[in-house]
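Chemist: What follows is data.pdb, PDB, C-alpha atoms and all ligand atoms.
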```pdb
ATOM      1  CA  MET X   1       5.660  -1.142  19.263
ATOM      2  CA  SER X   2       5.963  -4.748  18.105
ATOM      3  CA  LYS X   3       7.574  -5.586  14.775
ATOM      4  CA  GLU X   4       4.149  -6.227  13.182
ATOM      5  CA  GLN X   5       2.692  -2.936  14.415
ATOM      6  CA  LYS X   6       5.649  -1.066  12.955
ATOM      7  CA  LEU X   7       4.997  -2.483   9.492
ATOM      8  CA  ALA X   8       2.567  -1.012   6.981
ATOM      9  CA  PHE X   9       2.572  -1.095   3.189
ATOM     10  CA  GLY X  10       2.376   2.093   1.120
ATOM     11  CA  ILE X  11       1.227   2.364  -2.487
ATOM     12  CA  ASP X  12       1.474   5.521  -4.589
ATOM     13  CA  ILE X  13      -0.732   5.574  -7.681
ATOM     14  CA  GLY X  14       0.435   8.143 -10.227
ATOM     15  CA  GLY X  15      -0.210   9.043 -13.851
ATOM     16  CA  SER X  16       2.903   7.199 -15.053
ATOM     17  CA  GLY X  17       3.757   4.632 -12.363
ATOM     18  CA  ILE X  18       2.253   2.617  -9.514
ATOM     19  CA  LYS X  19       4.837   2.225  -6.757
ATOM     20  CA  GLY X  20       4.853   0.366  -3.466
ATOM     21  CA  ALA X  21       7.088  -0.650  -0.561
ATOM     22  CA  PRO X  22       6.841  -1.973   2.991
ATOM     23  CA  VAL X  23       7.465   0.834   5.473
ATOM     24  CA  ASP X  24       8.622   1.087   9.076
ATOM     25  CA  VAL X  25       6.027   3.600  10.287
ATOM     26  CA  GLU X  26       8.157   4.677  13.242
ATOM     27  CA  THR X  27      10.907   6.041  11.006
ATOM     28  CA  GLY X  28       9.236   6.247   7.567
ATOM     29  CA  GLU X  29      12.037   4.090   6.118
ATOM     30  CA  PHE X  30      11.436   1.377   3.534
ATOM     31  CA  LEU X  31      11.830  -2.177   4.867
ATOM     32  CA  GLY X  32      12.320  -3.656   1.413
ATOM     33  CA  GLU X  33      12.947  -2.731  -2.186
ATOM     34  CA  ARG X  34      10.448  -0.339  -3.800
ATOM     35  CA  VAL X  35       8.589  -1.903  -6.768
ATOM     36  CA  ARG X  36       7.320   0.237  -9.652
ATOM     37  CA  ILE X  37       4.923  -0.935 -12.375
ATOM     38  CA  PRO X  38       3.935   1.457 -15.194
ATOM     39  CA  THR X  39       0.367   2.765 -14.948
ATOM     40  CA  PRO X  40      -1.736   1.073 -17.663
ATOM     41  CA  GLU X  41      -2.348   3.423 -20.577
ATOM     42  CA  ASN X  42      -6.058   2.811 -20.203
ATOM     43  CA  SER X  43      -6.050   3.668 -16.502
ATOM     44  CA  THR X  44      -9.562   2.446 -15.620
ATOM     45  CA  PRO X  45     -10.363   1.287 -12.052
ATOM     46  CA  GLU X  46     -10.254  -2.363 -13.146
ATOM     47  CA  ALA X  47      -6.856  -2.069 -14.883
ATOM     48  CA  VAL X  48      -5.288  -0.114 -11.993
ATOM     49  CA  CYS X  49      -6.635  -2.566  -9.360
ATOM     50  CA  GLU X  50      -5.100  -5.425 -11.350
ATOM     51  CA  VAL X  51      -1.670  -3.712 -11.223
ATOM     52  CA  VAL X  52      -2.027  -3.053  -7.474
ATOM     53  CA  LYS X  53      -2.810  -6.753  -6.965
ATOM     54  CA  GLU X  54       0.254  -7.718  -9.039
ATOM     55  CA  LEU X  55       2.429  -5.315  -7.033
ATOM     56  CA  LEU X  56       1.279  -6.707  -3.671
ATOM     57  CA  GLU X  57       1.945 -10.245  -4.883
ATOM     58  CA  GLU X  58       5.639  -9.350  -5.194
ATOM     59  CA  PHE X  59       5.819  -9.120  -1.381
ATOM     60  CA  ASP X  60       5.311 -11.705   1.294
ATOM     61  CA  LEU X  61       3.065  -9.676   3.597
ATOM     62  CA  PRO X  62       1.144 -10.793   6.687
ATOM     63  CA  ALA X  63      -2.625 -10.913   5.984
ATOM     64  CA  ASP X  64      -3.454  -8.089   8.391
ATOM     65  CA  VAL X  65      -0.779  -5.566   7.392
ATOM     66  CA  PRO X  66      -2.410  -2.132   6.917
ATOM     67  CA  ILE X  67      -2.288  -1.076   3.261
ATOM     68  CA  GLY X  68      -2.298   2.650   2.468
ATOM     69  CA  VAL X  69      -2.990   3.995  -1.008
ATOM     70  CA  ALA X  70      -2.087   7.509  -2.169
ATOM     71  CA  PHE X  71      -4.330   8.497  -5.082
ATOM     72  CA  PRO X  72      -4.117  11.557  -7.393
ATOM     73  CA  ALA X  73      -7.606  12.936  -6.708
ATOM     74  CA  PRO X  74      -9.692  14.352  -3.874
ATOM     75  CA  LEU X  75     -11.334  11.515  -1.939
ATOM     76  CA  ASP X  76     -14.441  11.544   0.234
ATOM     77  CA  HIS X  77     -13.776   8.601   2.560
ATOM     78  CA  GLY X  78     -12.463   6.602  -0.385
ATOM     79  CA  VAL X  79     -14.909   7.874  -3.014
ATOM     80  CA  VAL X  80     -13.203   9.699  -5.916
ATOM     81  CA  LEU X  81     -14.753  13.159  -6.210
ATOM     82  CA  LYS X  82     -13.043  14.477  -9.334
ATOM     83  CA  ILE X  83     -10.198  13.147 -11.458
ATOM     84  CA  ALA X  84      -7.819  15.177 -13.615
ATOM     85  CA  ASN X  85      -4.914  12.857 -14.438
ATOM     86  CA  LEU X  86      -6.318   9.264 -14.682
ATOM     87  CA  ASP X  87      -9.243   7.706 -16.569
ATOM     88  CA  PRO X  88     -12.465   9.723 -15.950
ATOM     89  CA  SER X  89     -14.390   6.520 -15.097
ATOM     90  CA  TRP X  90     -12.798   6.700 -11.605
ATOM     91  CA  GLU X  91     -15.198   9.474 -10.671
ATOM     92  CA  GLY X  92     -17.733   8.307  -8.064
ATOM     93  CA  ARG X  93     -15.970   4.969  -7.401
ATOM     94  CA  ASN X  94     -14.778   3.929  -3.933
ATOM     95  CA  ILE X  95     -11.087   3.129  -4.241
ATOM     96  CA  GLU X  96     -10.835   1.470  -0.789
ATOM     97  CA  LYS X  97     -13.647  -0.909  -1.661
ATOM     98  CA  LEU X  98     -12.350  -1.666  -5.182
ATOM     99  CA  ILE X  99      -8.778  -2.435  -4.075
ATOM    100  CA  SER X 100      -9.979  -4.422  -1.045
ATOM    101  CA  GLU X 101     -12.152  -6.556  -3.339
ATOM    102  CA  ALA X 102      -9.304  -7.077  -5.826
ATOM    103  CA  THR X 103      -6.700  -8.003  -3.187
ATOM    104  CA  GLY X 104      -8.672  -9.389  -0.232
ATOM    105  CA  ARG X 105      -6.943  -6.893   2.078
ATOM    106  CA  THR X 106      -8.016  -3.903   4.165
ATOM    107  CA  VAL X 107      -7.091  -0.730   2.328
ATOM    108  CA  TYR X 108      -7.044   2.891   3.490
ATOM    109  CA  SER X 109      -6.711   5.707   0.961
ATOM    110  CA  LEU X 110      -5.883   9.392   0.871
ATOM    111  CA  ASN X 111      -5.020  12.025  -1.698
ATOM    112  CA  ASP X 112      -1.431  11.732  -3.028
ATOM    113  CA  ALA X 113      -0.349  15.232  -1.974
ATOM    114  CA  ASP X 114      -1.966  14.723   1.436
ATOM    115  CA  ALA X 115       0.111  11.536   1.791
ATOM    116  CA  ALA X 116       3.293  13.407   0.856
ATOM    117  CA  GLY X 117       2.461  16.239   3.278
ATOM    118  CA  PHE X 118       1.703  13.776   6.059
ATOM    119  CA  ALA X 119       5.109  12.141   5.478
ATOM    120  CA  GLU X 120       7.085  15.405   5.314
ATOM    121  CA  VAL X 121       5.564  16.512   8.630
ATOM    122  CA  LYS X 122       6.054  13.131  10.304
ATOM    123  CA  TYR X 123       9.492  12.208   8.966
ATOM    124  CA  GLY X 124      10.902  14.880   6.624
ATOM    125  CA  ALA X 125      11.422  18.568   5.885
ATOM    126  CA  ALA X 126       8.573  19.850   8.105
ATOM    127  CA  LYS X 127       9.262  17.600  11.085
ATOM    128  CA  ASP X 128       8.648  19.419  14.359
ATOM    129  CA  THR X 129       7.284  22.553  12.625
ATOM    130  CA  ASP X 130       4.411  24.143  14.537
ATOM    131  CA  GLY X 131       1.664  26.195  12.962
ATOM    132  CA  VAL X 132       0.467  25.989   9.367
ATOM    133  CA  VAL X 133       2.487  23.930   6.885
ATOM    134  CA  LEU X 134       1.626  23.864   3.218
ATOM    135  CA  LEU X 135       3.097  21.232   0.922
ATOM    136  CA  ALA X 136       2.823  21.692  -2.835
ATOM    137  CA  THR X 137       3.845  18.912  -5.213
ATOM    138  CA  LEU X 138       4.830  20.176  -8.646
ATOM    139  CA  GLY X 139       4.448  17.371 -11.180
ATOM    140  CA  THR X 140       1.880  16.515 -13.855
ATOM    141  CA  GLY X 141      -0.535  18.598 -11.780
ATOM    142  CA  ILE X 142      -0.129  20.619  -8.598
ATOM    143  CA  GLY X 143      -1.075  18.759  -5.447
ATOM    144  CA  SER X 144      -1.488  20.453  -2.084
ATOM    145  CA  ALA X 145      -1.561  19.411   1.548
ATOM    146  CA  LEU X 146      -2.412  21.667   4.469
ATOM    147  CA  ILE X 147      -1.251  20.567   7.897
ATOM    148  CA  VAL X 148      -2.287  22.669  10.880
ATOM    149  CA  GLU X 149      -0.556  21.959  14.202
ATOM    150  CA  GLY X 150       0.146  18.424  12.986
ATOM    151  CA  HIS X 151      -3.423  17.775  11.764
ATOM    152  CA  LEU X 152      -4.061  17.231   8.078
ATOM    153  CA  VAL X 153      -6.923  19.201   6.476
ATOM    154  CA  PRO X 154      -7.631  16.795   3.584
ATOM    155  CA  ASN X 155      -8.443  17.515  -0.086
ATOM    156  CA  THR X 156      -7.362  21.151  -0.295
ATOM    157  CA  GLU X 157      -6.915  20.921  -4.122
ATOM    158  CA  LEU X 158      -5.047  24.226  -4.394
ATOM    159  CA  GLY X 159      -3.689  23.207  -7.788
ATOM    160  CA  HIS X 160      -7.101  24.023  -9.202
ATOM    161  CA  LEU X 161      -7.253  27.623  -7.966
ATOM    162  CA  GLN X 162      -8.455  29.870 -10.773
ATOM    163  CA  LEU X 163      -5.718  32.415 -11.424
ATOM    164  CA  ASP X 164      -5.702  34.986 -14.248
ATOM    165  CA  GLY X 165      -8.389  32.963 -16.028
ATOM    166  CA  PHE X 166      -6.517  29.627 -15.854
ATOM    167  CA  ASP X 167      -6.608  26.516 -13.714
ATOM    168  CA  ALA X 168      -3.365  27.192 -11.791
ATOM    169  CA  GLU X 169      -1.804  23.765 -12.431
ATOM    170  CA  SER X 170      -2.178  24.156 -16.213
ATOM    171  CA  ARG X 171       0.355  27.057 -16.032
ATOM    172  CA  ALA X 172       2.517  26.405 -12.989
ATOM    173  CA  ALA X 173       2.869  22.597 -12.693
ATOM    174  CA  ASP X 174       6.209  21.108 -13.731
ATOM    175  CA  SER X 175       4.440  19.582 -16.755
ATOM    176  CA  ALA X 176       3.770  23.161 -18.008
ATOM    177  CA  ARG X 177       7.497  23.967 -17.678
ATOM    178  CA  THR X 178       8.513  20.958 -19.777
ATOM    179  CA  ARG X 179       5.584  21.132 -22.229
ATOM    180  CA  GLU X 180       6.204  24.822 -22.996
ATOM    181  CA  ASP X 181       9.991  24.487 -22.662
ATOM    182  CA  LEU X 182      10.118  27.349 -20.136
ATOM    183  CA  SER X 183      13.382  28.636 -18.665
ATOM    184  CA  TRP X 184      13.726  28.400 -14.865
ATOM    185  CA  GLU X 185      13.249  32.191 -14.675
ATOM    186  CA  VAL X 186      10.003  32.219 -16.656
ATOM    187  CA  TRP X 187       8.621  29.254 -14.738
ATOM    188  CA  ALA X 188       9.667  30.821 -11.414
ATOM    189  CA  ALA X 189       7.680  33.957 -12.321
ATOM    190  CA  ARG X 190       4.598  31.759 -12.667
ATOM    191  CA  LEU X 191       5.362  30.068  -9.352
ATOM    192  CA  GLN X 192       5.780  33.493  -7.742
ATOM    193  CA  ARG X 193       2.299  34.491  -8.924
ATOM    194  CA  TYR X 194       0.883  31.190  -7.679
ATOM    195  CA  PHE X 195       2.548  31.025  -4.263
ATOM    196  CA  SER X 196       1.899  34.751  -3.543
ATOM    197  CA  HIS X 197      -1.790  34.074  -4.044
ATOM    198  CA  VAL X 198      -1.756  30.934  -1.881
ATOM    199  CA  GLU X 199       0.144  32.874   0.767
ATOM    200  CA  LEU X 200      -2.469  35.632   0.689
ATOM    201  CA  LEU X 201      -5.223  33.078   1.291
ATOM    202  CA  LEU X 202      -3.597  30.904   3.973
ATOM    203  CA  SER X 203      -0.599  32.695   5.537
ATOM    204  CA  PRO X 204       1.384  29.472   6.022
ATOM    205  CA  ASP X 205       4.415  29.410   8.331
ATOM    206  CA  LEU X 206       6.271  27.043   6.036
ATOM    207  CA  ILE X 207       5.904  25.974   2.397
ATOM    208  CA  VAL X 208       7.458  22.649   1.363
ATOM    209  CA  VAL X 209       7.917  22.016  -2.363
ATOM    210  CA  GLY X 210       7.797  18.405  -3.530
ATOM    211  CA  GLY X 211       7.519  16.506  -6.807
ATOM    212  CA  GLY X 212      10.381  15.235  -8.979
ATOM    213  CA  VAL X 213      11.465  18.782  -9.922
ATOM    214  CA  SER X 214      12.262  19.560  -6.270
ATOM    215  CA  LYS X 215      15.656  17.934  -6.820
ATOM    216  CA  HIS X 216      16.434  21.012  -8.967
ATOM    217  CA  HIS X 217      15.268  23.377  -6.209
ATOM    218  CA  LYS X 218      18.442  25.496  -6.428
ATOM    219  CA  GLU X 219      17.346  26.593  -9.918
ATOM    220  CA  PHE X 220      14.009  28.098  -8.873
ATOM    221  CA  LEU X 221      13.405  28.380  -5.113
ATOM    222  CA  PRO X 222      15.991  31.206  -4.650
ATOM    223  CA  LEU X 223      14.112  33.202  -7.317
ATOM    224  CA  LEU X 224      10.931  33.304  -5.194
ATOM    225  CA  ASP X 225      10.175  36.136  -2.825
ATOM    226  CA  LEU X 226       7.631  35.115  -0.189
ATOM    227  CA  ARG X 227       6.938  35.931   3.434
ATOM    228  CA  ALA X 228       6.853  32.268   4.431
ATOM    229  CA  LYS X 229       9.963  30.151   4.460
ATOM    230  CA  ILE X 230       9.955  27.936   1.347
ATOM    231  CA  ILE X 231      12.080  24.766   1.307
ATOM    232  CA  PRO X 232      12.425  21.598  -0.786
ATOM    233  CA  ALA X 233      10.820  18.321   0.323
ATOM    234  CA  GLU X 234      13.225  15.806   1.840
ATOM    235  CA  LEU X 235      11.577  12.517   1.025
ATOM    236  CA  ARG X 236      11.086  13.200  -2.699
ATOM    237  CA  ASN X 237       9.485  10.198  -4.422
ATOM    238  CA  ALA X 238       9.347   8.166  -1.200
ATOM    239  CA  ALA X 239       6.893  10.623   0.398
ATOM    240  CA  GLY X 240       3.681   9.251  -1.162
ATOM    241  CA  ILE X 241       4.540   5.674  -0.133
ATOM    242  CA  SER X 242       5.700   6.513   3.417
ATOM    243  CA  GLY X 243       2.771   8.885   3.975
ATOM    244  CA  ALA X 244       0.196   6.356   2.738
ATOM    245  CA  ALA X 245       1.687   3.649   4.965
ATOM    246  CA  ALA X 246       1.766   5.935   8.035
ATOM    247  CA  TYR X 247      -1.826   6.992   7.410
ATOM    248  CA  ALA X 248      -2.975   3.360   7.061
ATOM    249  CA  ALA X 249      -1.190   2.384  10.277
ATOM    250  CA  ASP X 250      -2.891   5.293  12.079
ATOM    251  CA  ARG X 251      -6.341   4.367  10.840
ATOM    252  CA  ALA X 252      -5.854   0.683  11.613
ATOM    253  CA  ARG X 253      -4.629   1.558  15.122
ATOM    254  CA  HIS X 254      -7.662   3.752  15.778
ATOM    255  CA  GLY X 255     -10.019   1.104  14.432
ATOM    256  CA  ARG X 256     -11.486   3.369  11.771
ATOM    257  CA  LYS X 257     -13.281   1.310   9.123
ATOM    258  CA  ALA X 258     -12.140   1.237   5.517
ATOM    259  CA  GLY X 259     -14.388   1.465   2.439
ATOM    260  CA  LYS X 260     -17.506   2.354   4.453
ATOM    261  CA  LYS X 261     -18.722   5.198   2.308
ATOM    262  CA  LYS X 262     -21.171   4.081  -0.338
ATOM    263  CA  ALA X 263     -20.082   5.023  -3.830
ATOM    264  CA  LYS X 264     -22.652   6.217  -6.329
ATOM    265  CA  LYS X 265     -21.426   3.713  -8.904
ATOM    266  CA  ASP X 266     -20.486   0.512  -7.003
TER     267      ASP X 266
HETATM  268  C1  LIG E 301      -5.425  16.545  -8.487
HETATM  269  C2  LIG E 301      -4.987  16.436  -7.040
HETATM  270  C3  LIG E 301      -3.615  15.770  -6.983
HETATM  271  C4  LIG E 301      -2.629  16.520  -7.873
HETATM  272  C5  LIG E 301      -1.282  15.827  -7.911
HETATM  273  C6  LIG E 301      -4.376  17.311  -9.275
HETATM  274  O1  LIG E 301      -4.756  17.431 -10.616
HETATM  275  O2  LIG E 301      -6.662  17.235  -8.581
HETATM  276  O3  LIG E 301      -5.928  15.683  -6.312
HETATM  277  O4  LIG E 301      -3.178  15.764  -5.653
HETATM  278  O5  LIG E 301      -3.119  16.612  -9.197
HETATM  279  O6  LIG E 301      -1.362  14.517  -8.370
END
```
Give the structure from the file, written as structure tokens.

Modeler:
Amino acid sequence: MSKEQKLAFGIDIGGSGIKGAPVDVETGEFLGERVRIPTPENSTPEAVCEVVKELLEEFDLPADVPIGVAFPAPLDHGVVLKIANLDPSWEGRNIEKLISEATGRTVYSLNDADAAGFAEVKYGAAKDTDGVVLLATLGTGIGSALIVEGHLVPNTELGHLQLDGFDAESRAADSARTREDLSWEVWAARLQRYFSHVELLLSPDLIVVGGGVSKHHKEFLPLLDLRAKIIPAELRNAAGISGAAAYAADRARHGRKAGKKKAKKD
């Protein structure tokens, strides 16, 4: 691989920050400092695209570097299907097209948890694992990624399973733990209920737990009793960026077009 082919740029759009870094897609390592800009309070498509443009301007990138964007919603070839944790006006918009127009660059997008799962399988905790790997990110919401024999099944959205009359993420995400000031034990009981159900549906070989709270994994993972092995993510907050960059490099290499899908609203 030449130096240029090894380089891609990853962007992770979240509810509180928009982060980006150049990535060596052979190793998943950052090739420069990560930049973080707070997500605008009014997180409309226009405001977010402006921040992404600002972020890219901080780097001196070749014009044809593949840009990958991890986004906190299910995406149908770039079109936002449903949005829980950013401005509702994103629904129906094509993120690849909007960011390409704002920055003049080719952009490839995927769901944020899918990006993290892709990265953990390629570079991190689930490297070289065969079979069915499930990654769950526990943060503001619950994100999920399902990787089967190395292939990503996109948009699984297992955070929105209906459990005991609730949207699962409203009870078991890390934001529920902090909002309700739950002890590790009480929160772990909710996670047990959640992961047992997911395990019943999918029988994964390995469950990887990501999100900021995974750095405290010793407090809650040993309290869970599951058939599958359950381990903390390795890449932590780098996973979204590395995964988005790796995905963009893959799509660029295979010549798959960006922003092709027509959005209802653009
Ligand atoms: C969204 C998912 C996202 C997760 C984590 C959920 O509310 O529906 O698409 O992956 O939050 O950001």

Chemist: At a cut-off of 8 Å around ligand LIG 301 (chain E), and using all atoms listed in the file, what residues come up? Please write them as an MDAnalysis selection string.

Modeler: chainID X and resid 14:15 71:74 82:85 111:114 137:144 155 157 159:160 169

Chemist: Within 9 Å of Leu135 in chain X, counting all atoms listed in the file, which residues show up once you throw out same-chain ones fewer than 3 positions away? Write them as a PDB file with C-alpha atoms, keeping the file's coordinate frame, please.

Modeler:
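Below is the file that was written, part_39.pdb:
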```pdb
ATOM      1  CA  ALA X 113      -0.349  15.232  -1.974  1.00  0.00           C
ATOM      2  CA  ASP X 114      -1.966  14.723   1.436  1.00  0.00           C
ATOM      3  CA  ALA X 116       3.293  13.407   0.856  1.00  0.00           C
ATOM      4  CA  GLY X 117       2.461  16.239   3.278  1.00  0.00           C
ATOM      5  CA  GLU X 120       7.085  15.405   5.314  1.00  0.00           C
ATOM      6  CA  GLY X 143      -1.075  18.759  -5.447  1.00  0.00           C
ATOM      7  CA  SER X 144      -1.488  20.453  -2.084  1.00  0.00           C
ATOM      8  CA  ALA X 145      -1.561  19.411   1.548  1.00  0.00           C
ATOM      9  CA  LEU X 146      -2.412  21.667   4.469  1.00  0.00           C
ATOM     10  CA  ILE X 147      -1.251  20.567   7.897  1.00  0.00           C
ATOM     11  CA  LEU X 206       6.271  27.043   6.036  1.00  0.00           C
ATOM     12  CA  ILE X 207       5.904  25.974   2.397  1.00  0.00           C
ATOM     13  CA  VAL X 208       7.458  22.649   1.363  1.00  0.00           C
ATOM     14  CA  VAL X 209       7.917  22.016  -2.363  1.00  0.00           C
ATOM     15  CA  GLY X 210       7.797  18.405  -3.530  1.00  0.00           C
ATOM     16  CA  ALA X 233      10.820  18.321   0.323  1.00  0.00           C
TER      17      ALA X 233
END
```

Chemist: Quick check on the file I pasted: which residues fall under the PyMOL selection byres (((chain X and resi 227) around 12) and not hetatm)? Write them as a PyMOL selection string.

Modeler: chain X and resi 192+195-200+202-207+224-226+228-230

Chemist: Tell me which of X:Asp167, X:Asp128, X:Asp250, X:Glu57 sits closest to Glu149 in chain X, counting only C-alpha atoms.

Modeler: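 Smallest separation from Glu149 in chain X among the options: X:Asp128.
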
Chemist: For the structure shown, which residues end up in the PyMOL selection byres (((chain X and resi 65) around 9) and not hetatm)? Put them as a ChimeraX atom specification, please?

Modeler: /X:4-5,7-9,61-64,66-67,105-106,249

Chemist: For the file shown, report as a PyMOL selection string the outcome of the PyMOL selection byres (((chain X and resi 110) around 12) and not hetatm) at residue level.

Modeler: chain X and resi 10-13+67-81+94-96+107-109+111-118+145+152-156+240-241+243-248+251+258-259

Chemist: What is the CA of Asp174 in chain X to CA of Val51 in chain X distance in Å?

Modeler: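 Rounded to one decimal, the two atoms are 26.2 Å apart.
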
Chemist: Kindly indicate which residue among X:Arg171, X:Leu191, X:Leu223, X:Asn237 lies nearest to Gly17 in chain X, using all atoms listed in the file for the distances.

Modeler: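 Counting all atoms listed in the file, the residue closest to Gly17 in chain X is X:Asn237.
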
Chemist: Could you check which of X:Val35, X:Ala136, X:Leu158, X:Leu201 is closest to Val213 in chain X, using only C-alpha atoms?

Modeler: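 When distances to Val213 in chain X are compared using only C-alpha atoms, the smallest one comes from X:Ala136.
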
Chemist: May I have the centre and edge lengths, in Å to one decimal, of an axis-aligned box around the listed atoms of range 161-180 of chain X with 5 Å added to every side, as AutoDock Vina command-line options?

Modeler:
```
--center_x 0.0 --center_y 27.3 --center_z -15.5 --size_x 27.0 --size_y 25.4 --size_z 25.0
```

Chemist: Write out as number ranges by chain which residues come within 10 Å of Glu41 in chain X when counting only C-alpha atoms, dropping same-chain ones fewer than 3 positions away.

Modeler: X: 15-16, 38, 44, 47-48, 86-87

Chemist: Rank X:Gly150, X:Arg253, X:Asp181, X:Trp187 by their smallest atom-to-atom distance to Tyr123 in chain X, using all atoms listed in the file, and report the top residue only.

Modeler: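 Answer, going by the shortest atom-to-atom distance: X:Gly150.
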
Chemist: What does the distance from CA of Arg34 in chain X to CA of Ala21 in chain X come to in Å, to one decimal?

Modeler: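 Pair CA of Arg34 in chain X / CA of Ala21 in chain X returns 4.7 Å.
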
Chemist: Go through X:Lys6, X:Pro40, X:Leu235, X:Ser100 one by one, measure the shortest atom-to-atom distance of each to Asp24 in chain X using only C-alpha atoms, and give the residue with the smallest value.

Modeler: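 Among X:Lys6, X:Pro40, X:Leu235, X:Ser100, it is X:Lys6 that comes nearest to Asp24 in chain X.
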